[in-house]
Amino acid sequence: MRILIVEDDTMLAEAIASALRQSAHVVTRAASGDEAERLLVPDAFDLVLLDLGLPRVDGFEVLRRMRERRVKVPVLVLTARDAPGDRVAGLDLGADDYLTKPFQLPELEARVRALIRRAHAIASSEIVHGPLKLDMAGRRLYCRGEPVELSARELAVVELFMLREGRVVTKQQIADHLYGWEEGSSSNTIEVFVYRLRRKLEPSGVDIRTVRGMGYLIDRPAA
């Protein structure tokens, strides 16, 4: 997923970003509240990790303003403030979860997966599509119980398609899902990428259909 980390502690932000990138997420960093506000436009991110003690504009104000602008992305607050009043204030302003520092990275990653599942109305960390089963926690794809060898980016795109089964995924959405703000990709690059992915999924019988002029689609499996 596309995740924005809003954290002014460089070492902590880099440690979180490294862990999330290993799970094939695309990570962008903001070191202040005003920088986060510039980045937080509708549909730019799938999840925000938001520190409260930020320079210039604090996390509470960032959260209040983004909800006023109807930016609906899930927000996980990360903060050293552990007073009940702070937790209540954050949740009332529109935060979806709250994690106090210090925390263990495995717990953070589990909460990230839980918020992504909640956003897509998925009850568990496994997504099943016909003969395919995606283990979001273990970052593996299985076909009829056998592992399918995929690169991290291939797995990220399969996850995107399976989360949006029955809905068209545009080339721009794939590019946003695969590449950070500093990277770019052409339409031809995405086409080649999808072609290679189709070849790997061919034994499963699952087809990534081209919807001309729109993008790609994995149909919902037949009942």
# chains A, B, ... in the order shown; residues from 1 in each chain; ligands from 1
>>> select_by_dssp(residues="region 122-179 of chain A", states="strand (DSSP E or B)", output="PyMOL selection string")
chain A and resi 126-129+132-135+140-143+146-148+169
>>> write_last_selection(atoms="N, CA, C and O atoms", output="compact mmCIF listing (two decimals), in the first residue's frame")
# COMPACT_ATOMS: atom_id res chain seq x y z
N GLU A 126 -5.87 -13.25 5.13
CA GLU A 126 -5.80 -14.05 3.91
C GLU A 126 -6.92 -13.64 2.96
O GLU A 126 -8.06 -13.47 3.37
N ILE A 127 -6.56 -13.45 1.69
CA ILE A 127 -7.54 -13.14 0.65
C ILE A 127 -7.57 -14.32 -0.31
O ILE A 127 -6.53 -14.74 -0.83
N VAL A 128 -8.75 -14.85 -0.56
CA VAL A 128 -8.90 -16.00 -1.45
C VAL A 128 -9.62 -15.54 -2.72
O VAL A 128 -10.64 -14.85 -2.67
N HIS A 129 -9.04 -15.93 -3.85
CA HIS A 129 -9.63 -15.62 -5.15
C HIS A 129 -9.53 -16.88 -6.00
O HIS A 129 -8.47 -17.18 -6.54
N LEU A 132 -6.41 -19.09 -5.89
CA LEU A 132 -5.34 -18.30 -5.30
C LEU A 132 -5.65 -17.93 -3.86
O LEU A 132 -6.79 -17.60 -3.52
N LYS A 133 -4.62 -17.96 -3.02
CA LYS A 133 -4.75 -17.47 -1.65
C LYS A 133 -3.55 -16.59 -1.35
O LYS A 133 -2.40 -17.01 -1.47
N LEU A 134 -3.83 -15.34 -0.97
CA LEU A 134 -2.78 -14.40 -0.63
C LEU A 134 -2.70 -14.26 0.88
O LEU A 134 -3.67 -13.90 1.54
N ASP A 135 -1.53 -14.57 1.41
CA ASP A 135 -1.26 -14.39 2.84
C ASP A 135 -0.62 -13.02 3.02
O ASP A 135 0.57 -12.84 2.76
N ARG A 140 3.06 -14.05 1.00
CA ARG A 140 3.20 -15.14 0.03
C ARG A 140 1.88 -15.35 -0.69
O ARG A 140 0.80 -15.17 -0.13
N LEU A 141 1.99 -15.79 -1.95
CA LEU A 141 0.82 -16.16 -2.74
C LEU A 141 0.87 -17.66 -3.00
O LEU A 141 1.93 -18.21 -3.32
N TYR A 142 -0.29 -18.32 -2.85
CA TYR A 142 -0.38 -19.76 -3.06
C TYR A 142 -1.44 -20.06 -4.12
O TYR A 142 -2.45 -19.37 -4.21
N CYS A 143 -1.15 -21.06 -4.92
CA CYS A 143 -2.12 -21.55 -5.90
C CYS A 143 -2.38 -23.03 -5.59
O CYS A 143 -1.46 -23.84 -5.69
N GLU A 146 0.11 -24.53 -3.30
CA GLU A 146 1.52 -24.46 -3.66
C GLU A 146 1.97 -23.01 -3.80
O GLU A 146 1.25 -22.19 -4.39
N PRO A 147 3.16 -22.65 -3.27
CA PRO A 147 3.61 -21.26 -3.37
C PRO A 147 3.89 -20.84 -4.80
O PRO A 147 4.40 -21.63 -5.61
N VAL A 148 3.55 -19.60 -5.12
CA VAL A 148 3.83 -19.00 -6.43
C VAL A 148 5.00 -18.03 -6.23
O VAL A 148 4.93 -17.14 -5.39
N VAL A 169 -8.70 -1.59 -12.31
CA VAL A 169 -7.50 -0.96 -11.76
C VAL A 169 -6.80 -0.25 -12.90
O VAL A 169 -6.42 -0.88 -13.89
>>> atom_distance(atom1="CA of Val112 (chain A)", atom2="CA of Gly166 (chain A)")
24.1 Å
>>> residues_around(residues="region 200-207 of chain A", least_positions_apart="6", cutoff="10 Å", atoms="only C-alpha atoms", output="list of chain:residue names")
A:His129, A:Gly130, A:Pro131, A:Leu132, A:Tyr142, A:Cys143, A:Arg144, A:Val148, A:Glu149, A:Leu150, A:Glu154, A:Val158, A:Val194, A:Tyr216, A:Leu217, A:Ile218, A:Asp219, A:Pro221
>>> residues_around(residues="region 43-57 of chain A", least_positions_apart="5", cutoff="8 Å", atoms="only C-alpha atoms", output="MDAnalysis selection string")
chainID A and resid 1:8 31:34 62 71 73:79 112 115:116
>>> select_by_dssp(residues="region 113-143 of chain A", states="alpha helix (DSSP H)", output="PyMOL selection string")
chain A and resi 113-119
>>> atom_distance(atom1="CA of Leu93 (chain A)", atom2="CA of Leu63 (chain A)")
6.6 Å
